[in-house]
file my_file_25.txt (compact mmCIF, C-alpha atoms and all ligand atoms)
# COMPACT_ATOMS: atom_id res chain seq x y z
CA MET A 1 23.99 0.02 -9.58
CA LYS A 2 21.07 2.41 -10.08
CA GLU A 3 20.36 5.15 -7.56
CA ILE A 4 16.69 5.71 -6.75
CA VAL A 5 15.70 8.72 -4.69
CA ILE A 6 12.29 8.81 -2.99
CA LEU A 7 11.10 12.17 -1.71
CA GLY A 8 8.46 11.86 1.00
CA ALA A 9 7.67 9.04 3.44
CA GLY A 10 3.89 9.22 3.10
CA TYR A 11 1.62 6.53 1.66
CA ALA A 12 3.02 6.60 -1.88
CA GLY A 13 6.69 6.98 -0.95
CA LEU A 14 6.71 4.18 1.62
CA ARG A 15 4.73 1.85 -0.60
CA ALA A 16 7.25 2.35 -3.43
CA LEU A 17 10.07 1.81 -0.93
CA HIS A 18 8.50 -1.48 0.14
CA VAL A 19 8.31 -2.79 -3.45
CA LEU A 20 11.85 -1.67 -4.32
CA GLN A 21 13.46 -2.96 -1.13
CA LYS A 22 12.06 -6.44 -1.51
CA SER A 23 13.25 -6.76 -5.13
CA GLY A 24 16.59 -8.41 -5.79
CA ALA A 25 17.54 -5.66 -8.27
CA ASP A 26 20.96 -4.00 -8.18
CA ILE A 27 19.74 -0.72 -6.74
CA HIS A 28 20.40 1.67 -3.89
CA ILE A 29 17.55 3.76 -2.52
CA THR A 30 17.73 7.09 -0.74
CA LEU A 31 14.60 8.06 1.14
CA VAL A 32 14.20 11.70 2.20
CA ASP A 33 11.68 13.17 4.60
CA ARG A 34 11.70 16.24 6.82
CA ASN A 35 10.56 14.05 9.71
CA ASP A 36 11.99 10.77 10.96
CA TYR A 37 8.48 9.37 11.34
CA HIS A 38 5.63 8.47 8.99
CA TYR A 39 2.16 9.71 9.92
CA GLU A 40 -1.29 8.61 8.79
CA SER A 41 -2.49 11.84 7.21
CA THR A 42 -6.04 10.42 7.07
CA SER A 43 -6.14 10.57 10.89
CA LEU A 44 -4.96 14.14 11.48
CA HIS A 45 -8.48 15.24 12.46
CA GLU A 46 -8.35 12.89 15.43
CA VAL A 47 -5.13 14.44 16.71
CA ALA A 48 -6.58 17.93 16.16
CA ALA A 49 -9.65 17.00 18.23
CA GLY A 50 -7.57 15.16 20.82
CA THR A 51 -9.43 11.87 20.32
CA GLN A 52 -6.16 10.10 19.43
CA PRO A 53 -2.68 10.93 20.73
CA ASP A 54 -0.20 11.87 18.00
CA GLU A 55 1.96 8.78 18.65
CA LYS A 56 -0.99 6.58 17.69
CA ILE A 57 -0.93 7.85 14.10
CA CYS A 58 2.89 7.87 13.68
CA TYR A 59 5.65 5.31 13.44
CA ASP A 60 9.44 5.56 13.05
CA ILE A 61 10.65 5.50 9.46
CA LYS A 62 13.62 3.38 10.57
CA ASP A 63 11.11 0.57 11.30
CA VAL A 64 10.55 0.15 7.56
CA VAL A 65 14.01 0.95 6.20
CA ASN A 66 16.35 -1.89 5.31
CA PRO A 67 19.78 -0.31 5.88
CA LYS A 68 21.41 -2.77 3.45
CA LYS A 69 19.39 -1.27 0.60
CA THR A 70 18.26 2.14 1.73
CA THR A 71 19.77 5.27 3.24
CA PHE A 72 17.31 7.49 5.08
CA ILE A 73 18.06 11.22 5.14
CA LYS A 74 16.11 13.52 7.44
CA ASP A 75 16.11 16.80 5.55
CA THR A 76 13.80 19.22 3.77
CA VAL A 77 13.49 19.24 -0.02
CA ASP A 78 13.93 22.72 -1.48
CA LYS A 79 13.90 22.12 -5.20
CA ILE A 80 14.29 19.50 -7.93
CA ASP A 81 16.35 20.09 -11.07
CA ALA A 82 14.93 17.35 -13.29
CA ASP A 83 17.12 18.30 -16.29
CA GLN A 84 20.30 17.90 -14.22
CA LYS A 85 18.86 14.89 -12.26
CA GLU A 86 19.54 16.61 -8.97
CA VAL A 87 17.58 17.27 -5.80
CA TYR A 88 18.50 20.19 -3.58
CA LEU A 89 17.87 19.52 0.08
CA GLU A 90 18.38 22.16 2.75
CA ASN A 91 21.70 20.57 3.74
CA GLN A 92 22.94 18.63 0.71
CA THR A 93 22.42 17.83 -2.97
CA LEU A 94 21.46 14.37 -4.24
CA LYS A 95 21.91 12.83 -7.69
CA TYR A 96 19.60 10.13 -9.02
CA ASP A 97 18.92 7.75 -11.89
CA TYR A 98 15.22 7.54 -10.96
CA LEU A 99 13.27 9.95 -8.81
CA ILE A 100 9.98 9.39 -6.99
CA VAL A 101 8.33 12.61 -5.88
CA ALA A 102 5.73 11.89 -3.22
CA LEU A 103 5.82 15.10 -1.19
CA GLY A 104 2.14 15.28 -0.28
CA PHE A 105 -0.19 18.23 0.15
CA GLN A 106 -0.51 21.65 1.69
CA SER A 107 -3.54 23.66 2.67
CA GLU A 108 -5.17 25.67 -0.13
CA SER A 109 -6.45 29.15 0.76
CA PHE A 110 -7.67 30.04 -2.76
CA GLY A 111 -6.24 33.52 -2.14
CA ILE A 112 -8.95 34.32 0.43
CA PRO A 113 -7.68 37.20 2.57
CA GLY A 114 -6.69 36.48 6.16
CA VAL A 115 -6.69 32.67 5.92
CA LYS A 116 -2.98 32.23 6.57
CA GLU A 117 -2.85 34.81 9.35
CA ASN A 118 -6.11 34.16 11.17
CA SER A 119 -6.97 30.46 10.89
CA LEU A 120 -5.33 27.20 11.88
CA GLU A 121 -4.38 24.63 9.28
CA MET A 122 -4.29 20.88 9.78
CA VAL A 123 -1.77 19.50 7.31
CA ASP A 124 0.64 17.42 9.38
CA VAL A 125 1.10 16.11 12.92
CA LYS A 126 2.57 19.38 14.20
CA THR A 127 -0.27 21.55 12.92
CA ALA A 128 -2.91 19.03 14.03
CA ASP A 129 -1.36 19.04 17.49
CA GLN A 130 -1.37 22.85 17.47
CA VAL A 131 -5.11 22.82 16.74
CA HIS A 132 -5.67 20.61 19.78
CA LYS A 133 -3.46 22.71 22.07
CA HIS A 134 -5.16 25.86 20.81
CA ILE A 135 -8.63 24.52 21.65
CA ILE A 136 -7.50 23.50 25.14
CA GLU A 137 -6.13 27.01 25.69
CA GLN A 138 -9.42 28.60 24.57
CA MET A 139 -11.33 26.40 27.02
CA LYS A 140 -9.10 27.66 29.84
CA GLN A 141 -9.66 31.22 28.65
CA TYR A 142 -13.42 30.66 28.83
CA LYS A 143 -13.11 29.65 32.47
CA GLU A 144 -11.42 32.98 33.17
CA THR A 145 -13.54 35.28 31.02
CA LYS A 146 -16.90 33.55 30.47
CA ASN A 147 -16.77 34.90 26.91
CA GLU A 148 -18.70 32.38 24.75
CA GLU A 149 -16.47 32.98 21.72
CA TYR A 150 -13.88 30.81 23.46
CA LEU A 151 -16.32 27.89 23.34
CA ARG A 152 -17.00 28.35 19.62
CA ILE A 153 -15.07 26.30 17.03
CA VAL A 154 -15.55 27.03 13.33
CA VAL A 155 -14.51 24.46 10.75
CA CYS A 156 -14.23 26.08 7.29
CA GLY A 157 -15.35 23.75 4.48
CA ALA A 158 -17.51 20.62 4.67
CA GLY A 159 -15.46 18.31 2.45
CA PHE A 160 -14.32 14.94 3.79
CA THR A 161 -11.67 16.57 5.96
CA GLY A 162 -14.04 19.17 7.43
CA ILE A 163 -16.79 16.62 8.14
CA GLU A 164 -14.39 14.14 9.73
CA LEU A 165 -12.93 16.92 11.87
CA VAL A 166 -16.39 18.03 12.98
CA GLY A 167 -17.25 14.44 13.97
CA ALA A 168 -14.05 14.12 15.99
CA LEU A 169 -14.66 17.50 17.66
CA VAL A 170 -18.11 16.34 18.77
CA GLU A 171 -16.43 13.33 20.31
CA GLY A 172 -13.82 15.55 21.95
CA SER A 173 -16.34 18.07 23.26
CA LYS A 174 -16.80 16.23 26.57
CA SER A 175 -13.17 16.73 27.47
CA PHE A 176 -13.20 20.34 26.19
CA ALA A 177 -16.26 21.00 28.36
CA ASN A 178 -14.52 19.56 31.42
CA ILE A 179 -11.66 22.02 30.99
CA ALA A 180 -13.99 24.95 30.43
CA GLY A 181 -16.25 23.93 33.32
CA VAL A 182 -19.37 23.74 31.10
CA LYS A 183 -21.69 21.02 29.72
CA PRO A 184 -20.56 19.28 26.46
CA GLU A 185 -23.57 20.79 24.66
CA ASP A 186 -22.24 24.26 25.48
CA ILE A 187 -19.29 23.69 23.13
CA GLN A 188 -20.46 25.28 19.87
CA ILE A 189 -19.25 23.59 16.70
CA TYR A 190 -19.90 25.34 13.39
CA CYS A 191 -19.08 24.15 9.88
CA VAL A 192 -19.31 26.76 7.11
CA GLU A 193 -19.57 25.46 3.54
CA ALA A 194 -19.71 27.33 0.22
CA VAL A 195 -21.97 24.98 -1.74
CA ASP A 196 -25.58 23.99 -0.94
CA LYS A 197 -25.17 20.23 -1.01
CA ILE A 198 -22.36 18.70 1.02
CA LEU A 199 -20.34 15.69 -0.18
CA PRO A 200 -21.68 15.74 -3.77
CA MET A 201 -19.89 12.46 -4.58
CA PHE A 202 -22.37 10.62 -2.35
CA SER A 203 -26.09 9.98 -2.83
CA ASP A 204 -28.69 12.14 -1.08
CA LYS A 205 -29.33 9.24 1.28
CA LEU A 206 -25.73 9.16 2.51
CA GLY A 207 -25.59 12.96 2.68
CA GLN A 208 -28.77 12.91 4.79
CA TYR A 209 -27.30 10.25 7.10
CA CYS A 210 -24.40 12.58 7.80
CA ILE A 211 -26.62 15.64 8.24
CA LYS A 212 -28.95 13.70 10.57
CA TYR A 213 -26.09 13.03 12.98
CA LEU A 214 -24.67 16.52 12.72
CA ASN A 215 -28.13 17.88 13.62
CA LYS A 216 -28.53 15.38 16.44
CA TRP A 217 -25.20 16.50 17.87
CA ASP A 218 -26.24 20.13 17.46
CA VAL A 219 -23.48 20.97 14.98
CA LYS A 220 -24.34 24.18 13.15
CA LEU A 221 -23.83 23.29 9.50
CA LEU A 222 -24.14 26.44 7.37
CA THR A 223 -24.30 25.55 3.66
CA GLY A 224 -24.35 27.88 0.66
CA LYS A 225 -22.21 30.34 2.65
CA PRO A 226 -18.90 30.98 0.87
CA ILE A 227 -16.24 32.36 3.17
CA LYS A 228 -14.89 35.64 1.80
CA LYS A 229 -12.41 36.60 4.46
CA VAL A 230 -10.98 35.54 7.79
CA GLU A 231 -10.33 38.25 10.35
CA PRO A 232 -8.73 37.80 13.76
CA GLY A 233 -11.41 35.91 15.69
CA ALA A 234 -14.06 35.97 12.92
CA VAL A 235 -15.05 34.15 9.74
CA ILE A 236 -16.74 36.46 7.23
CA TYR A 237 -19.15 34.65 4.93
CA GLN A 238 -21.58 35.70 2.21
CA ASN A 239 -25.05 35.12 3.57
CA SER A 240 -27.24 35.35 0.45
CA LYS A 241 -26.30 34.06 -2.97
CA ASP A 242 -27.15 37.12 -5.03
CA ASP A 243 -25.82 39.80 -2.74
CA GLU A 244 -22.05 40.04 -2.45
CA ASN A 245 -22.43 42.76 0.14
CA ASP A 246 -24.54 40.63 2.46
CA LEU A 247 -21.64 39.58 4.67
CA VAL A 248 -21.94 38.04 8.12
CA ALA A 249 -19.17 37.84 10.75
CA LEU A 250 -19.17 34.62 12.74
CA LYS A 251 -17.02 35.26 15.77
CA ALA A 252 -14.98 32.40 17.22
CA LYS A 253 -11.67 31.97 18.96
CA THR A 254 -10.92 28.71 17.10
CA ILE A 255 -11.07 28.73 13.29
CA VAL A 256 -9.76 25.72 11.36
CA TRP A 257 -9.27 25.94 7.59
CA THR A 258 -10.16 22.74 5.71
CA THR A 259 -11.42 23.90 2.32
CA GLY A 260 -9.15 21.74 0.22
CA VAL A 261 -5.54 21.04 -0.56
CA SER A 262 -2.92 21.50 -3.25
CA GLY A 263 0.24 19.52 -3.96
CA SER A 264 3.57 20.45 -2.33
CA GLN A 265 5.00 23.85 -3.18
CA VAL A 266 8.23 22.15 -4.28
CA ILE A 267 6.47 21.17 -7.52
CA GLY A 268 5.86 24.76 -8.62
CA ASP A 269 9.24 25.93 -7.28
CA SER A 270 10.95 23.26 -9.40
CA GLY A 271 9.34 24.41 -12.65
CA PHE A 272 7.13 21.38 -13.35
CA GLU A 273 4.04 22.09 -15.45
CA GLU A 274 1.48 22.04 -12.67
CA ARG A 275 -1.90 23.19 -11.50
CA ARG A 276 -2.37 23.61 -7.76
CA GLY A 277 0.83 21.65 -7.21
CA ARG A 278 -0.30 18.66 -9.27
CA VAL A 279 1.32 17.50 -12.52
CA MET A 280 -0.75 15.76 -15.20
CA VAL A 281 1.42 12.66 -15.46
CA LYS A 282 1.86 10.16 -18.31
CA PRO A 283 0.11 6.76 -18.13
CA ASN A 284 3.13 5.37 -16.26
CA LEU A 285 2.97 8.22 -13.70
CA THR A 286 6.09 10.00 -14.97
CA ASP A 287 6.49 13.68 -15.74
CA PRO A 288 5.62 14.44 -19.41
CA ASN A 289 9.12 15.91 -19.87
CA HIS A 290 11.18 13.49 -17.76
CA ASP A 291 10.84 9.70 -18.07
CA ASP A 292 12.87 9.16 -14.91
CA VAL A 293 10.70 11.32 -12.61
CA TYR A 294 7.59 9.75 -11.07
CA LEU A 295 5.03 12.02 -9.44
CA LEU A 296 2.75 10.24 -6.99
CA GLY A 297 -0.08 10.96 -4.58
CA ASP A 298 -1.11 14.55 -3.95
CA VAL A 299 1.45 16.01 -6.40
CA SER A 300 0.05 13.92 -9.24
CA ALA A 301 -3.03 14.19 -11.45
CA VAL A 302 -4.14 11.06 -13.29
CA MET A 303 -7.14 11.13 -15.60
CA ASP A 304 -10.05 8.90 -14.68
CA PRO A 305 -11.30 7.70 -18.08
CA SER A 306 -14.81 7.12 -16.72
CA SER A 307 -15.34 10.71 -15.53
CA ASN A 308 -12.79 12.51 -17.73
CA ARG A 309 -11.56 14.28 -14.62
CA PRO A 310 -8.48 13.56 -12.52
CA TYR A 311 -9.01 11.00 -9.77
CA PRO A 312 -9.48 12.62 -6.36
CA THR A 313 -6.36 12.43 -4.23
CA THR A 314 -6.82 9.76 -1.56
CA ALA A 315 -4.58 7.50 0.50
CA GLN A 316 -5.97 4.57 -1.49
CA ILE A 317 -4.77 5.86 -4.86
CA ALA A 318 -1.45 7.03 -3.36
CA LEU A 319 -0.73 3.49 -2.13
CA LYS A 320 -1.58 2.07 -5.57
CA MET A 321 0.65 4.62 -7.26
CA GLY A 322 3.52 3.75 -4.92
CA SER A 323 3.28 0.03 -5.76
CA TYR A 324 2.99 0.78 -9.45
CA ALA A 325 5.97 3.18 -9.57
CA GLY A 326 8.22 0.75 -7.66
CA LYS A 327 7.40 -2.00 -10.18
CA ASP A 328 7.69 0.30 -13.18
CA ILE A 329 11.19 1.43 -12.19
CA LEU A 330 12.22 -2.22 -11.91
CA ASP A 331 10.74 -2.79 -15.41
CA GLN A 332 12.57 0.25 -16.78
CA ILE A 333 15.88 -1.04 -15.37
CA LYS A 334 15.26 -4.42 -17.04
CA GLY A 335 14.44 -2.65 -20.31
CA GLN A 336 10.83 -3.85 -20.21
CA PRO A 337 7.97 -1.66 -21.42
CA SER A 338 5.72 0.12 -18.94
CA LYS A 339 2.20 -1.08 -18.25
CA VAL A 340 -0.53 1.55 -18.06
CA PHE A 341 -1.39 2.59 -14.49
CA SER A 342 -4.99 1.73 -13.72
CA PHE A 343 -7.03 2.36 -10.62
CA LYS A 344 -10.37 1.11 -9.44
CA SER A 345 -11.50 2.79 -6.25
CA LEU A 346 -12.66 0.38 -3.58
CA GLY A 347 -14.89 3.20 -2.37
CA SER A 348 -14.54 5.80 0.31
CA VAL A 349 -15.77 5.97 3.85
CA ALA A 350 -15.87 9.08 6.04
CA SER A 351 -15.95 8.74 9.79
CA ILE A 352 -17.95 11.04 12.04
CA GLY A 353 -16.50 10.28 15.42
CA ASN A 354 -15.20 6.89 16.49
CA THR A 355 -18.41 4.90 16.08
CA HIS A 356 -20.25 6.50 13.16
CA ALA A 357 -19.26 6.50 9.52
CA PHE A 358 -20.80 6.42 6.07
CA GLY A 359 -19.67 5.87 2.54
CA LEU A 360 -19.48 3.69 -0.51
CA VAL A 361 -17.76 0.33 -0.66
CA GLY A 362 -17.76 -0.77 -4.26
CA LYS A 363 -21.32 0.10 -5.24
CA THR A 364 -22.75 -0.60 -1.79
CA GLU A 365 -23.70 2.25 0.50
CA VAL A 366 -22.71 1.65 4.11
CA THR A 367 -23.61 3.53 7.26
CA ALA A 368 -23.36 3.28 11.04
CA TYR A 369 -21.39 0.50 12.74
CA PRO A 370 -20.59 -1.56 9.58
CA ALA A 371 -19.21 1.59 7.94
CA SER A 372 -17.21 2.42 11.03
CA PHE A 373 -15.82 -1.13 11.06
CA ILE A 374 -14.87 -0.85 7.38
CA LYS A 375 -13.25 2.54 7.99
CA LYS A 376 -11.05 1.02 10.70
CA ALA A 377 -10.19 -1.89 8.40
CA ILE A 378 -9.22 0.59 5.64
CA MET A 379 -6.96 2.44 8.08
CA ASP A 380 -5.29 -0.77 9.21
CA ARG A 381 -4.77 -1.86 5.63
CA SER A 382 -2.90 1.34 4.79
CA LEU A 383 -0.83 0.89 7.96
CA PHE A 384 -0.04 -2.64 6.83
CA GLU A 385 0.83 -1.60 3.28
CA THR A 386 3.34 1.04 4.36
CA GLY A 387 4.49 -0.37 7.69
CA GLY A 388 3.71 -4.05 8.18
CA VAL A 389 2.43 -6.36 10.88
CA LYS A 390 4.33 -4.62 13.69
CA GLU A 391 2.72 -1.26 12.98
CA VAL A 392 -0.76 -2.76 12.72
CA MET A 393 -0.32 -4.59 16.03
CA SER A 394 0.81 -1.47 17.87
CA LYS A 395 -1.19 1.26 16.09
CA GLY A 396 -4.13 -0.64 14.58
CA ARG A 397 -7.69 0.49 15.23
CA PHE A 398 -9.29 -2.64 16.64
CA ASP A 399 -9.25 -3.24 20.38
CA PHE A 400 -8.38 -6.91 19.99
CA TYR A 401 -4.81 -6.00 19.00
CA HIS A 402 -4.14 -4.37 22.32
P1 LIG A 501 -12.33 19.00 -0.61
O1 LIG A 501 -11.90 19.83 -1.75
O2 LIG A 501 -12.84 17.64 -0.85
O3 LIG A 501 -13.47 19.79 0.23
C1 LIG A 501 -13.36 21.14 0.54
C2 LIG A 501 -14.74 21.73 0.85
O4 LIG A 501 -14.55 23.10 1.17
C3 LIG A 501 -15.70 21.67 -0.34
O5 LIG A 501 -16.95 21.20 0.09
C4 LIG A 501 -15.77 23.12 -0.81
O6 LIG A 501 -17.02 23.48 -1.38
C5 LIG A 501 -15.52 23.88 0.49
N1 LIG A 501 -15.00 25.24 0.27
C6 LIG A 501 -14.03 25.62 -0.60
N2 LIG A 501 -13.83 26.96 -0.52
C7 LIG A 501 -14.70 27.43 0.42
C8 LIG A 501 -14.99 28.72 0.96
N3 LIG A 501 -14.35 29.82 0.55
N4 LIG A 501 -15.94 28.83 1.92
C9 LIG A 501 -16.59 27.74 2.38
N5 LIG A 501 -16.37 26.51 1.90
C10 LIG A 501 -15.43 26.34 0.94
O7 LIG A 501 -11.07 19.00 0.38
P2 LIG A 501 -10.72 18.03 1.62
O8 LIG A 501 -11.93 17.74 2.42
O9 LIG A 501 -9.54 18.63 2.29
O10 LIG A 501 -10.25 16.69 0.92
C11 LIG A 501 -9.09 16.67 0.07
C12 LIG A 501 -9.01 15.31 -0.64
O11 LIG A 501 -8.72 14.29 0.33
C13 LIG A 501 -10.30 14.93 -1.31
O12 LIG A 501 -9.99 14.30 -2.53
C14 LIG A 501 -10.94 13.97 -0.35
O13 LIG A 501 -11.78 13.04 -1.00
C15 LIG A 501 -9.73 13.30 0.28
N6 LIG A 501 -10.06 12.85 1.64
C16 LIG A 501 -10.58 11.59 1.79
C17 LIG A 501 -10.93 11.15 3.06
C18 LIG A 501 -11.54 9.76 3.21
O14 LIG A 501 -11.50 8.97 2.26
N7 LIG A 501 -12.10 9.44 4.35
C19 LIG A 501 -10.75 11.97 4.18
C20 LIG A 501 -10.22 13.26 4.00
C21 LIG A 501 -9.88 13.69 2.71
call {"tool": "encode", "arguments": {"input": "my_file_25.txt", "output": "structure tokens"}}
result
Amino acid sequence: MKEIVILGAGYAGLRALHVLQKSGADIHITLVDRNDYHYESTSLHEVAAGTQPDEKICYDIKDVVNPKKTTFIKDTVDKIDADQKEVYLENQTLKYDYLIVALGFQSESFGIPGVKENSLEMVDVKTADQVHKHIIEQMKQYKETKNEEYLRIVVCGAGFTGIELVGALVEGSKSFANIAGVKPEDIQIYCVEAVDKILPMFSDKLGQYCIKYLNKWDVKLLTGKPIKKVEPGAVIYQNSKDDENDLVALKAKTIVWTTGVSGSQVIGDSGFEERRGRVMVKPNLTDPNHDDVYLLGDVSAVMDPSSNRPYPTTAQIALKMGSYAGKDILDQIKGQPSKVFSFKSLGSVASIGNTHAFGLVGKTEVTAYPASFIKKAIMDRSLFETGGVKEVMSKGRFDFYH
């Protein structure tokens, strides 16, 4: 019997588990995660803004584990020794024949001073929940002090994560305002972005759609303003392109850092050849130096032949990688050759609040309600692919389930 260890119960890990569990192969699987629940990392911004409760984006890992085939261990991964085929957890050591590393992402500060100490990150359910609790606390402080900085929220970076967070914050501003005893329009939402043009992967038309709504909702989007430092209660950005000394301090009691992510720190700690926690994998998603180690999702870099750059890390590609790796391990066990992993993006849709969204589906640009509908369908599909019907019925995004 072959022992397969899966590290991480995110999109890629649970998808691989699903494929392996339903095979009739003579295998035993050990699934490890630091939590005993799976969470939809694409919905963290909603928890941070308080527009969805955390239980809505989580489900119990035991719901998807078949105890006849799989042992689930709740523990934290410290390090992998791929030469010895061992994984060191905080509380025990595991041995494997095949390893799937799907440990996800962490926030990337790019070495900018003060980020870790003075801003909030939003990388898992706990940190997203902390963002929400922090905002609520600042609203209460405003009521006491009438200091406007308590009403000001600065989102750092206008990538997909930053924009989706801003949209959710706009939606949440009514309830923030209630707590602070002000009007929703008194809640000041800023988004500070280094480059001039936001969301460069989209056409100008889609970018403008997004900007139109941000303007309508009075979000202060500052573009071409790279953040140089975060101080307690202030984001310091460079105001003019050519003058490094032209620095402006934007004071705010809530600062959320969403300027990009890197793969789990375990990758670097384990000595894999990596860049920002991502390993350039072989065409069958294995480590170049270890045929029995698959690296999936945010810890993996796969070249997109059409752009000659690695595919962006998304839930969509992570799910695909999970399915592929599960099947490839089964092929390896049978002594069959690997197929080459291929990926065709179905497109990407960003939500701005619960009812507005925009993006690309195939080659078609979508906006407004149809985009929002598609976004919800995408979310339910990923729930279905990792969880199943039960999870979609209880956590799905369409009202008709409930
Ligand atoms: P990102 O790298 O896509 O965006 C980060 C943004 O922060 C960029 O616009 C960058 O210019 C800006 N930035 C970086 N340093 C800065 C600085 N010092 N000052 C100001 N701005 C700065 O990161 P993300 O938004 O966290 O997304 C990570 C990945 O997850 C991406 O591949 C993204 O496509 C994916 N994602 C997809 C969805 C979706 O499909 N709906 C949602 C969220 C994330």
call {"tool": "residues_around", "arguments": {"input": "my_file_25.txt", "residues": "Glu117 of chain A", "least_positions_apart": "3", "cutoff": "10 Å", "atoms": "only C-alpha atoms", "output": "list in words"}}
result
Pro113, Gly114, Leu120, Val230, Glu231 and Pro232 of chain A
call {"tool": "residues_around", "arguments": {"input": "my_file_25.txt", "residues": "segment 297-306 of chain A", "least_positions_apart": "6", "cutoff": "10 Å", "atoms": "only C-alpha atoms", "output": "ChimeraX atom specification"}}
result
/A:10-13,101-106,261-267,274-287,312-322,341-344
call {"tool": "residues_near_ligand", "arguments": {"input": "my_file_25.txt", "ligand": "ligand LIG 501 (chain A)", "cutoff": "9 Å", "atoms": "all atoms listed in the file", "output": "ChimeraX atom specification"}}
result
/A:41-43,45,107-110,112,156-164,191-201,223-229,237-238,257-262,298,311-316,347-351,359,375
call {"tool": "residues_near_point", "arguments": {"input": "my_file_25.txt", "point": "(21.0, -0.4, -5.6)", "cutoff": "12 Å", "atoms": "all atoms listed in the file", "output": "list in words"}}
result
Met1, Lys2, Glu3, Ile4, Val5, Leu20, Gln21, Lys22, Ser23, Gly24, Ala25, Asp26, Ile27, His28, Ile29, Thr30, Asn66, Pro67, Lys68, Lys69, Thr70, Thr71, Tyr96, Asp97, Tyr98, Ile329, Leu330 and Ile333 of chain A
call {"tool": "atom_distance", "arguments": {"input": "my_file_25.txt", "atom1": "atom CA of Phe384 of chain A", "atom2": "atom CA of Leu31 of chain A"}}
result
19.0 Å
call {"tool": "residues_around", "arguments": {"input": "my_file_25.txt", "residues": "segment 212-220 of chain A", "least_positions_apart": "5", "cutoff": "12 Å", "atoms": "only C-alpha atoms", "output": "MDAnalysis selection string"}}
result
chainID A and resid 152:156 158 163:171 173 184:193 204:207 250 351:353 355:358 367:368
call {"tool": "residues_around", "arguments": {"input": "my_file_25.txt", "residues": "Leu99 of chain A", "least_positions_apart": "6", "cutoff": "8 Å", "atoms": "all atoms listed in the file", "output": "list in words"}}
result
Ile4, Val5, Ile6, Leu7, Asp292, Val293 and Tyr294 of chain A
call {"tool": "atom_distance", "arguments": {"input": "my_file_25.txt", "atom1": "atom CA of Pro370 of chain A", "atom2": "atom CA of Val123 of chain A"}}
result
28.3 Å
call {"tool": "closest_residue", "arguments": {"input": "my_file_25.txt", "among": "A:Asp81, A:Ala9, A:Ile73, A:Lys143", "to": "Cys58 of chain A", "atoms": "all atoms listed in the file"}}
result
A:Ala9
call {"tool": "residues_around", "arguments": {"input": "my_file_25.txt", "residues": "Lys376 of chain A", "least_positions_apart": "2", "cutoff": "10 Å", "atoms": "only C-alpha atoms", "output": "list of chain:residue names"}}
result
A:Val349, A:Ser351, A:Asn354, A:Thr355, A:Ala357, A:Pro370, A:Ala371, A:Ser372, A:Phe373, A:Ile374, A:Ile378, A:Met379, A:Asp380, A:Arg381, A:Gly396, A:Arg397, A:Phe398
call {"tool": "axis_aligned_box", "arguments": {"input": "my_file_25.txt", "around": "segment 22-27 of chain A", "padding_each_side": "8 Å", "output": "lines of an AutoDock Vina configuration file"}}
result
center_x = 16.5
center_y = -4.6
center_z = -4.9
size_x = 24.9
size_y = 23.7
size_z = 22.8
call {"tool": "atom_distance", "arguments": {"input": "my_file_25.txt", "atom1": "atom CA of Val340 of chain A", "atom2": "atom CA of Asp328 of chain A"}}
result
9.6 Å
call {"tool": "closest_residue", "arguments": {"input": "my_file_25.txt", "among": "A:Met122, A:Ala48, A:Val115, A:Ala252", "to": "Leu151 of chain A", "atoms": "only C-alpha atoms"}}
result
A:Ala252
call {"tool": "residues_near_point", "arguments": {"input": "my_file_25.txt", "point": "(-3.6, 24.1, 21.2)", "cutoff": "12 Å", "atoms": "all atoms listed in the file", "output": "ChimeraX atom specification"}}
result
/A:47-50,120-122,126-141,176,253-256
call {"tool": "write_last_selection", "arguments": {"input": "my_file_25.txt", "atoms": "C-alpha atoms", "output": "short mmCIF file (atom, residue, chain, number, x, y, z; two decimals), in the frame of the given file"}}
result
data_model
loop_
_atom_site.label_atom_id
_atom_site.label_comp_id
_atom_site.auth_asym_id
_atom_site.auth_seq_id
_atom_site.Cartn_x
_atom_site.Cartn_y
_atom_site.Cartn_z
CA VAL A 47 -5.13 14.44 16.71
CA ALA A 48 -6.58 17.93 16.16
CA ALA A 49 -9.65 17.00 18.23
CA GLY A 50 -7.57 15.16 20.82
CA LEU A 120 -5.33 27.20 11.88
CA GLU A 121 -4.38 24.63 9.28
CA MET A 122 -4.29 20.88 9.78
CA LYS A 126 2.57 19.38 14.20
CA THR A 127 -0.27 21.55 12.92
CA ALA A 128 -2.91 19.03 14.03
CA ASP A 129 -1.36 19.04 17.49
CA GLN A 130 -1.37 22.85 17.47
CA VAL A 131 -5.11 22.82 16.74
CA HIS A 132 -5.67 20.61 19.78
CA LYS A 133 -3.46 22.71 22.07
CA HIS A 134 -5.16 25.86 20.81
CA ILE A 135 -8.63 24.52 21.65
CA ILE A 136 -7.50 23.50 25.14
CA GLU A 137 -6.13 27.01 25.69
CA GLN A 138 -9.42 28.60 24.57
CA MET A 139 -11.33 26.40 27.02
CA LYS A 140 -9.10 27.66 29.84
CA GLN A 141 -9.66 31.22 28.65
CA PHE A 176 -13.20 20.34 26.19
CA LYS A 253 -11.67 31.97 18.96
CA THR A 254 -10.92 28.71 17.10
CA ILE A 255 -11.07 28.73 13.29
CA VAL A 256 -9.76 25.72 11.36
#
